[in-house]
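Text of start06.tsv (TSV, C-alpha atoms) as supplied:
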```
chain	number	residue	atom	x	y	z
W	29	MET	CA	42.45	-13.52	14.20
W	30	LYS	CA	44.10	-10.32	15.19
W	31	THR	CA	47.89	-10.23	15.54
W	32	THR	CA	49.97	-7.79	17.51
W	33	GLU	CA	52.87	-6.35	15.61
W	34	THR	CA	55.93	-5.06	17.41
W	35	PRO	CA	57.78	-2.09	15.99
W	36	ALA	CA	60.92	-2.89	14.09
W	37	PRO	CA	64.11	-2.12	16.01
W	38	VAL	CA	65.73	1.16	15.10
W	39	PRO	CA	69.49	0.99	14.58
W	40	ALA	CA	71.25	2.90	17.29
W	41	GLU	CA	74.16	5.15	16.81
W	42	SER	CA	77.47	4.26	18.30
W	43	GLY	CA	77.49	4.69	22.04
W	44	THR	CA	73.70	5.13	22.35
W	45	THR	CA	70.87	2.77	23.11
W	46	VAL	CA	67.27	3.08	21.94
W	47	SER	CA	64.41	1.74	24.01
W	48	LYS	CA	60.95	0.74	22.78
W	49	THR	CA	59.46	3.79	24.39
W	50	ASP	CA	61.56	6.07	22.20
W	51	VAL	CA	60.04	4.70	18.97
W	52	PRO	CA	57.34	7.07	17.66
W	53	THR	CA	53.92	5.52	17.26
W	54	ALA	CA	51.34	6.44	14.63
W	55	ARG	CA	48.57	8.73	15.80
W	56	ARG	CA	45.05	7.42	15.65
W	57	TYR	CA	42.61	9.72	13.92
W	58	LYS	CA	38.91	9.38	14.44
W	59	PRO	CA	36.92	9.44	11.19
W	60	LYS	CA	34.93	12.59	10.80
W	61	LYS	CA	31.21	12.30	10.40
W	62	GLU	CA	30.21	13.62	7.00
W	63	GLY	CA	26.83	15.09	6.18
W	64	GLY	CA	25.91	16.04	9.74
W	65	VAL	CA	23.94	19.10	8.72
W	66	LEU	CA	22.20	17.19	5.93
W	67	ASN	CA	21.20	14.39	8.32
W	68	VAL	CA	19.75	16.87	10.80
W	69	PHE	CA	17.76	18.56	8.03
W	70	SER	CA	16.44	15.25	6.61
W	71	HIS	CA	15.47	13.91	10.03
W	72	GLY	CA	13.76	17.18	10.89
W	73	PHE	CA	11.83	17.11	7.63
W	74	LEU	CA	10.74	13.51	8.26
W	75	ILE	CA	9.57	14.38	11.76
W	76	LEU	CA	7.60	17.34	10.42
W	77	TRP	CA	6.06	15.19	7.68
W	78	ALA	CA	5.10	12.48	10.20
W	79	PHE	CA	3.49	15.13	12.40
W	80	MET	CA	1.48	16.51	9.47
W	81	VAL	CA	0.24	13.00	8.60
W	82	VAL	CA	-0.45	11.63	12.07
W	83	MET	CA	-2.11	14.67	13.62
W	84	PRO	CA	-5.17	14.77	11.30
W	85	LEU	CA	-5.71	11.05	11.90
W	86	LEU	CA	-5.54	11.44	15.66
W	87	TRP	CA	-7.81	14.48	15.50
W	88	ALA	CA	-10.40	12.55	13.48
W	89	VAL	CA	-10.36	9.67	15.97
W	90	MET	CA	-10.66	12.08	18.89
W	91	THR	CA	-13.51	13.99	17.25
W	92	SER	CA	-15.45	10.79	16.60
W	93	PHE	CA	-15.94	10.41	20.37
W	94	LYS	CA	-17.27	13.97	20.90
W	95	ASP	CA	-20.77	15.35	20.67
W	96	ASP	CA	-21.70	17.96	18.06
W	97	SER	CA	-21.51	20.91	20.45
W	98	SER	CA	-18.02	20.01	21.65
W	99	ILE	CA	-16.75	19.68	18.08
W	100	PHE	CA	-17.41	23.39	17.39
W	101	SER	CA	-16.87	24.84	20.88
W	102	SER	CA	-13.55	23.09	21.64
W	103	PRO	CA	-12.31	21.35	18.50
W	104	TRP	CA	-8.78	20.74	19.82
W	105	ALA	CA	-9.70	19.68	23.34
W	106	LEU	CA	-10.04	16.10	24.48
W	107	PRO	CA	-13.61	14.79	24.77
W	108	ASP	CA	-15.18	15.17	28.19
W	109	LYS	CA	-16.37	11.57	27.87
W	110	LEU	CA	-16.33	8.91	25.20
W	111	HIS	CA	-19.56	9.03	23.19
W	112	PHE	CA	-19.73	5.50	21.80
W	113	ASP	CA	-23.27	6.21	20.65
W	114	ASN	CA	-21.73	8.11	17.70
W	115	TRP	CA	-20.30	4.85	16.38
W	116	ALA	CA	-23.52	2.93	17.03
W	117	ARG	CA	-25.57	5.62	15.28
W	118	ALA	CA	-23.27	5.65	12.26
W	119	TRP	CA	-23.23	1.84	12.09
W	120	THR	CA	-27.00	1.32	12.27
W	121	ASP	CA	-28.90	4.53	11.42
W	122	ALA	CA	-26.56	5.59	8.60
W	123	ASN	CA	-26.41	2.02	7.19
W	124	MET	CA	-22.64	1.94	7.45
W	125	SER	CA	-22.84	-1.78	8.21
W	126	ASP	CA	-24.40	-2.47	4.78
W	127	TYR	CA	-21.87	-0.23	3.03
W	128	PHE	CA	-19.05	-1.92	4.90
W	129	LEU	CA	-20.22	-5.39	3.84
W	130	ASN	CA	-20.60	-4.34	0.20
W	131	THR	CA	-17.11	-2.85	0.22
W	132	ILE	CA	-15.59	-6.02	1.68
W	133	LEU	CA	-17.29	-8.13	-1.01
W	134	VAL	CA	-16.20	-5.85	-3.85
W	135	VAL	CA	-12.65	-5.24	-2.69
W	136	GLY	CA	-12.10	-8.84	-1.57
W	137	GLY	CA	-13.27	-10.32	-4.86
W	138	SER	CA	-11.42	-7.81	-7.01
W	139	LEU	CA	-8.22	-8.12	-4.99
W	140	ILE	CA	-8.14	-11.91	-5.35
W	141	GLY	CA	-8.91	-11.71	-9.06
W	142	THR	CA	-6.32	-9.00	-9.64
W	143	LEU	CA	-3.53	-10.91	-7.88
W	144	VAL	CA	-4.31	-14.23	-9.59
W	145	LEU	CA	-4.68	-12.86	-13.12
W	146	GLY	CA	-1.94	-10.24	-12.73
W	147	SER	CA	0.61	-12.71	-11.38
W	148	MET	CA	-0.11	-15.22	-14.15
W	149	ALA	CA	0.22	-12.58	-16.87
W	150	ALA	CA	3.36	-11.08	-15.34
W	151	TYR	CA	4.99	-14.50	-14.97
W	152	VAL	CA	4.41	-15.42	-18.60
W	153	LEU	CA	5.61	-12.06	-19.87
W	154	ALA	CA	8.70	-12.11	-17.64
W	155	ARG	CA	9.89	-15.72	-18.08
W	156	PHE	CA	8.88	-16.76	-21.62
W	157	ASP	CA	9.90	-15.33	-24.99
W	158	PHE	CA	7.26	-15.49	-27.71
W	159	PRO	CA	6.19	-13.25	-30.61
W	160	GLY	CA	4.31	-10.23	-29.31
W	161	ASN	CA	5.70	-10.46	-25.78
W	162	ARG	CA	6.93	-6.88	-25.63
W	163	PHE	CA	3.85	-5.59	-27.44
W	164	ILE	CA	1.51	-7.10	-24.82
W	165	TYR	CA	3.72	-5.81	-22.02
W	166	PHE	CA	3.67	-2.27	-23.38
W	167	LEU	CA	-0.10	-2.50	-23.74
W	168	PHE	CA	-0.29	-3.00	-19.97
W	169	ILE	CA	2.12	-0.11	-19.47
W	170	GLY	CA	-0.06	2.07	-21.67
W	171	GLY	CA	-3.07	1.17	-19.55
W	172	MET	CA	-1.38	2.80	-16.56
W	173	SER	CA	-1.17	6.13	-18.39
W	174	PHE	CA	-4.78	6.10	-19.63
W	175	PRO	CA	-6.99	8.37	-17.46
W	176	ILE	CA	-10.03	6.54	-16.14
W	177	MET	CA	-12.12	9.71	-16.51
W	178	LEU	CA	-11.95	9.40	-20.30
W	179	ALA	CA	-13.43	5.91	-20.19
W	180	LEU	CA	-16.34	6.52	-17.82
W	181	VAL	CA	-19.00	7.14	-20.50
W	182	PRO	CA	-18.11	4.21	-22.81
W	183	LEU	CA	-17.49	2.03	-19.74
W	184	PHE	CA	-20.99	2.81	-18.49
W	185	TYR	CA	-22.55	1.69	-21.78
W	186	VAL	CA	-20.40	-1.44	-21.99
W	187	VAL	CA	-21.30	-2.52	-18.46
W	188	ASN	CA	-24.96	-1.68	-19.06
W	189	ASN	CA	-25.09	-3.69	-22.31
W	190	MET	CA	-23.57	-6.67	-20.51
W	191	GLY	CA	-26.24	-6.51	-17.81
W	192	LEU	CA	-23.69	-5.84	-15.06
W	193	LEU	CA	-24.80	-2.34	-14.07
W	194	ASN	CA	-25.64	-1.92	-10.35
W	195	THR	CA	-24.24	-5.35	-9.48
W	196	ILE	CA	-21.48	-6.42	-7.13
W	197	HIS	CA	-19.81	-8.79	-9.61
W	198	GLY	CA	-19.91	-6.13	-12.34
W	199	LEU	CA	-18.05	-3.71	-10.08
W	200	ILE	CA	-15.56	-6.45	-9.23
W	201	LEU	CA	-14.75	-7.02	-12.91
W	202	VAL	CA	-14.25	-3.29	-13.49
W	203	TYR	CA	-11.94	-3.05	-10.46
W	204	ILE	CA	-9.89	-5.99	-11.76
W	205	ALA	CA	-9.51	-4.41	-15.19
W	206	TYR	CA	-8.61	-1.08	-13.60
W	207	SER	CA	-5.89	-2.62	-11.36
W	208	LEU	CA	-4.32	-5.10	-13.79
W	209	PRO	CA	-1.88	-2.72	-15.57
W	210	PHE	CA	-0.08	-1.67	-12.38
W	211	THR	CA	-0.11	-5.24	-11.04
W	212	VAL	CA	1.46	-6.68	-14.18
W	213	PHE	CA	4.04	-3.87	-14.31
W	214	PHE	CA	5.03	-4.39	-10.67
W	215	LEU	CA	5.16	-8.20	-10.71
W	216	HIS	CA	6.87	-8.36	-14.11
W	217	ALA	CA	9.97	-6.73	-12.65
W	218	PHE	CA	9.76	-8.95	-9.57
W	219	PHE	CA	9.49	-12.25	-11.46
W	220	ARG	CA	12.55	-11.36	-13.53
W	221	THR	CA	14.64	-11.24	-10.34
W	222	LEU	CA	13.72	-14.81	-9.28
W	223	PRO	CA	16.34	-17.50	-10.05
W	224	THR	CA	15.66	-19.59	-13.15
W	225	SER	CA	17.53	-22.62	-11.80
W	226	VAL	CA	14.65	-23.51	-9.47
W	227	ALA	CA	12.10	-23.57	-12.30
W	228	GLU	CA	14.48	-25.55	-14.53
W	229	ALA	CA	14.96	-28.13	-11.78
W	230	ALA	CA	11.19	-28.47	-11.45
W	231	PHE	CA	10.84	-29.03	-15.20
W	232	VAL	CA	13.55	-31.70	-15.07
W	233	ASP	CA	11.63	-33.49	-12.31
W	234	GLY	CA	8.56	-33.58	-14.54
W	235	ALA	CA	6.52	-30.70	-13.12
W	236	SER	CA	4.13	-28.95	-15.49
W	237	HIS	CA	4.12	-25.22	-16.12
W	238	SER	CA	1.04	-24.66	-13.97
W	239	ARG	CA	2.43	-26.71	-11.07
W	240	THR	CA	5.78	-24.93	-11.29
W	241	PHE	CA	4.03	-21.58	-11.18
W	242	PHE	CA	1.58	-22.22	-8.34
W	243	GLN	CA	3.77	-24.40	-6.10
W	244	ILE	CA	7.25	-22.99	-6.68
W	245	MET	CA	7.39	-19.58	-8.31
W	246	LEU	CA	4.31	-18.03	-6.70
W	247	PRO	CA	5.45	-18.75	-3.10
W	248	MET	CA	8.84	-17.26	-3.97
W	249	ALA	CA	7.06	-14.10	-5.13
W	250	LYS	CA	5.19	-13.69	-1.83
W	251	PRO	CA	6.83	-10.34	-0.86
W	252	GLY	CA	5.94	-8.84	-4.22
W	253	LEU	CA	2.38	-10.16	-4.05
W	254	ILE	CA	1.86	-8.67	-0.60
W	255	SER	CA	3.28	-5.31	-1.69
W	256	VAL	CA	1.17	-4.98	-4.82
W	257	GLY	CA	-1.82	-6.35	-2.90
W	258	ILE	CA	-1.53	-3.56	-0.33
W	259	PHE	CA	-1.33	-0.91	-3.05
W	260	ASN	CA	-4.36	-2.36	-4.85
W	261	PHE	CA	-6.25	-2.63	-1.58
W	262	LEU	CA	-5.67	1.03	-0.83
W	263	GLY	CA	-6.74	2.13	-4.30
W	264	GLN	CA	-9.81	-0.09	-4.46
W	265	TRP	CA	-10.96	0.63	-0.91
W	266	ASN	CA	-10.82	4.39	-1.48
W	267	GLN	CA	-12.30	4.25	-5.00
W	268	TYR	CA	-15.21	6.65	-5.40
W	269	MET	CA	-15.54	7.61	-9.07
W	270	LEU	CA	-16.15	4.13	-10.50
W	271	PRO	CA	-18.87	3.04	-8.02
W	272	THR	CA	-20.58	6.43	-8.35
W	273	VAL	CA	-20.97	5.96	-12.12
W	274	LEU	CA	-21.55	2.19	-12.25
W	275	ASN	CA	-23.37	1.54	-8.98
W	276	THR	CA	-26.40	3.78	-8.46
W	277	ASP	CA	-28.48	1.26	-6.50
W	278	PRO	CA	-28.82	2.50	-2.88
W	279	ASP	CA	-28.66	-1.08	-1.58
W	280	LYS	CA	-25.37	-1.80	-3.41
W	281	ARG	CA	-23.44	1.30	-2.37
W	282	VAL	CA	-19.89	0.96	-1.10
W	283	LEU	CA	-18.30	2.74	1.84
W	284	THR	CA	-17.12	5.86	0.00
W	285	GLN	CA	-20.60	6.40	-1.40
W	286	GLY	CA	-22.05	5.88	2.06
W	287	LEU	CA	-19.84	8.56	3.59
W	288	VAL	CA	-20.89	11.09	0.95
W	289	GLN	CA	-24.52	10.12	1.43
W	290	LEU	CA	-24.16	10.49	5.20
W	291	ALA	CA	-22.74	14.00	4.79
W	292	ALA	CA	-25.33	15.08	2.22
W	293	SER	CA	-28.42	13.61	3.88
W	294	GLN	CA	-27.94	15.56	7.08
W	295	GLY	CA	-28.59	18.91	5.41
W	296	TYR	CA	-28.40	21.74	7.89
W	297	LYS	CA	-28.67	19.40	10.88
W	298	GLY	CA	-25.13	18.18	10.40
W	299	ASP	CA	-24.55	14.98	12.38
W	300	TRP	CA	-20.84	15.72	12.51
W	301	SER	CA	-20.08	13.26	15.30
W	302	GLY	CA	-21.68	10.42	13.36
W	303	LEU	CA	-19.89	11.53	10.20
W	304	PHE	CA	-16.48	11.43	11.92
W	305	ALA	CA	-17.32	8.02	13.39
W	306	GLY	CA	-18.11	6.71	9.91
W	307	LEU	CA	-14.91	8.26	8.58
W	308	VAL	CA	-12.82	6.49	11.20
W	309	MET	CA	-14.63	3.22	10.42
W	310	ALA	CA	-13.60	3.54	6.79
W	311	MET	CA	-10.05	4.48	7.74
W	312	LEU	CA	-9.27	1.73	10.27
W	313	PRO	CA	-9.06	-1.25	7.84
W	314	VAL	CA	-6.57	0.60	5.66
W	315	LEU	CA	-4.34	1.49	8.61
W	316	ALA	CA	-4.59	-2.02	10.04
W	317	ALA	CA	-3.61	-3.61	6.72
W	318	TYR	CA	-0.55	-1.41	6.34
W	319	ILE	CA	0.57	-1.82	9.97
W	320	ILE	CA	0.30	-5.61	9.76
W	321	PHE	CA	2.06	-5.97	6.40
W	322	GLN	CA	4.47	-3.04	6.49
W	323	ARG	CA	7.54	-5.28	6.70
W	324	GLN	CA	6.42	-7.32	3.70
W	325	VAL	CA	5.75	-4.13	1.75
W	326	VAL	CA	9.31	-2.92	2.32
W	327	GLN	CA	10.73	-6.34	1.41
W	328	GLY	CA	8.73	-6.41	-1.78
W	329	LEU	CA	9.82	-2.93	-2.83
W	330	THR	CA	13.53	-3.61	-2.19
W	331	ALA	CA	13.70	-7.24	-3.34
W	332	GLY	CA	14.56	-6.32	-6.92
W	333	ALA	CA	17.37	-4.00	-5.85
W	334	LEU	CA	18.97	-6.50	-3.45
W	335	LYS	CA	19.15	-9.47	-5.81
```
Output the structure of this file as structure tokens.
Amino acid sequence: MKTTETPAPVPAESGTTVSKTDVPTARRYKPKKEGGVLNVFSHGFLILWAFMVVMPLLWAVMTSFKDDSSIFSSPWALPDKLHFDNWARAWTDANMSDYFLNTILVVGGSLIGTLVLGSMAAYVLARFDFPGNRFIYFLFIGGMSFPIMLALVPLFYVVNNMGLLNTIHGLILVYIAYSLPFTVFFLHAFFRTLPTSVAEAAFVDGASHSRTFFQIMLPMAKPGLISVGIFNFLGQWNQYMLPTVLNTDPDKRVLTQGLVQLAASQGYKGDWSGLFAGLVMAMLPVLAAYIIFQRQVVQGLTAGALK
């Protein structure tokens, strides 16, 4: 509650009277805005960066509705009409539908396996002390720094000896192993920020470790799971090197392989409109996933700093 203070009376000299209007009042100074030039520069840089990112995407979408002649004659102009046959041709003639289905199967299976196994490993490493805890954790950290290019040749022979070469489930297992180090590193820091009192109360009530994890701790880690899931989805959806080495069957190709095959098979004909349509098809799921879960991604990234 605000109170109004009256100025203290000022003693008057003999023979004089002092009114309230004669008492000097304190001047009110407005706080100066600091960093004005820096804010203008940072906002201008962000606007420029957003323009550089958004414009190629919009140009690719616009070009996917043009015919081949318009792409070279007026590349920056709007299409005279929307050529939806480009999308139909890329979906059917270029077998983008088969590549799309294979990619959904591979990425969906690997994403579920990565989140389940990564969250379980991160929870144990973050909440339980046992001999070798830090050693196992640093093994996962070391896996993040190991270049995948160095492991392509031995990985090919290992997958081939296991009979998993040119198979969907073999590619899923490789994707899971490739994504586990970052997942464990990310969720390890997130699980350490969760309150221990909730898990202790569950143990007092008789809940087992598995029930406490799946019914209590895992729902509390939902922002972190969504964040690391988005990052893994982006990396696995755009993965090209691993399926090129481990998946040479034309019927098992994923979307990135299909786009390269679409560009290479045209030769000098150059079905550029169909190629841009296929490119936009591959790009839309990634943009949709980030737009839908962008709030959860921000919450997951800042949860550790706010608690």
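Here atom CA of Gly141 of chain W is placed at a distance of 21.4 Å from atom CA of Asn188 of chain W.
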Which of these, W:Pro313, W:Gly146, W:Gly263, W:Gly257, has the shortest distance to Phe213 of chain W once you count all atoms listed in the file? W:Gly146
Do a neighbour search on Leu274 of chain W at 8 Å with all atoms listed in the file, toss out local chain neighbours closer than 4 positions, and write the hits as JSON, numbers by chain. {"W": [184, 187, 193, 194, 199, 270]}
Produce a file of the selected residues containing C-alpha atoms, as a JSON list (two decimals), in the coordinates of the input.
```json
[["chain", "number", "residue", "atom", "x", "y", "z"],
["W", 184, "PHE", "CA", -20.99, 2.81, -18.49],
["W", 187, "VAL", "CA", -21.30, -2.52, -18.46],
["W", 193, "LEU", "CA", -24.80, -2.34, -14.07],
["W", 194, "ASN", "CA", -25.64, -1.92, -10.35],
["W", 199, "LEU", "CA", -18.05, -3.71, -10.08],
["W", 270, "LEU", "CA", -16.15, 4.13, -10.50]]
```
Closest-contact table, segment 238-280 of chain W side, partner segment 163-182 of chain W, 12 Å, counting all atoms listed in the file, as CSV:
```
residue,atom,partner,partner_atom,distance
W:Gln267,CA,W:Ile176,CA,11.6
W:Tyr268,CA,W:Ile176,CA,11.9
W:Met269,CA,W:Met177,CA,8.5
W:Leu270,CA,W:Leu180,CA,7.7
W:Pro271,CA,W:Leu180,CA,10.7
W:Thr272,CA,W:Leu180,CA,10.4
W:Val273,CA,W:Leu180,CA,7.4
W:Leu274,CA,W:Leu180,CA,8.8
```
Residues near Ile254 of chain W, cut-off 10 Å, all atoms listed in the file, skip fewer than 3 positions along chain, as number ranges by chain: W: 143, 249-251, 257-260, 321-328
Work out how far atom CA of Trp265 of chain W is from atom CA of Leu133 of chain W, in Å to one decimal.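 It comes out at 10.8 Å.
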Pick from W:Asn275, W:Asn67, W:Asn161, W:Ser301: nearest to Phe93 of chain W, with all atoms listed in the file counted?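 Of W:Asn275, W:Asn67, W:Asn161, W:Ser301, the one nearest Phe93 of chain W, counting all atoms listed in the file, is W:Ser301.
In this structure, atom CA of Leu222 of chain W sits 22.7 Å away from atom CA of Pro159 of chain W.
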Nearest to Gln285 of chain W: which of W:Leu215, W:Ala235, W:Met124, W:Ile200 is it, counting all atoms listed in the file?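 That would be W:Met124, the residue with the smallest distance to Gln285 of chain W.
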Can you tell me, as a CSV table (one decimal) with C-alpha atoms, in the frame of the given file, what residues are no more than 8 Å from Ser207 of chain W when counting all atoms listed in the file, ignoring any on the same chain fewer than 3 positions away?
```
chain,number,residue,atom,x,y,z
W,142,THR,CA,-6.3,-9.0,-9.6
W,203,TYR,CA,-11.9,-3.0,-10.5
W,204,ILE,CA,-9.9,-6.0,-11.8
W,210,PHE,CA,-0.1,-1.7,-12.4
W,211,THR,CA,-0.1,-5.2,-11.0
W,260,ASN,CA,-4.4,-2.4,-4.8
```
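With all atoms listed in the file as the basis for measurement, W:Tyr151 is the residue among W:Ser255, W:Arg239, W:Val282, W:Tyr151 that approaches Ala217 of chain W most closely.
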Using only C-alpha atoms, pick whichever of W:Leu303, W:Ala227, W:Val186, W:Met90 has the shortest atom-to-atom distance to Ile244 of chain W.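 Distance minimum relative to Ile244 of chain W lands on W:Ala227.
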Considering all atoms listed in the file, can you say which of W:Ala78, W:Leu283, W:Pro107, W:Arg162 comes closest to Asn130 of chain W?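 Closest to Asn130 of chain W, using all atoms listed in the file: W:Leu283.
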Can you pull out the residues contacting Leu307 of chain W? Cut-off 10 Å, using all atoms listed in the file, and skip same-chain residues under 6 positions away; I want them as number ranges by chain. W: 88-89, 92, 118, 283-284, 286-287, 301
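With distances taken from (-14.5, 17.3, 26.9) and restricted to only C-alpha atoms, the residues inside 12 Å are Met90, Thr91, Phe93, Lys94, Asp95, Asp96, Ser97, Ser98, Ile99, Phe100, Ser101, Ser102, Pro103, Trp104, Ala105, Leu106, Pro107, Asp108, Lys109, Leu110 and His111 of chain W.
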Enclose the full set of atoms of segment 93-97 of chain W listed in the file within a box whose edges lie along x, y and z, apply 5 Å of padding to each of the six sides, and report centre and edge lengths in Å to one decimal as lines of an AutoDock Vina configuration file.
```
center_x = -18.8
center_y = 15.7
center_z = 19.5
size_x = 15.8
size_y = 20.5
size_z = 12.8
```
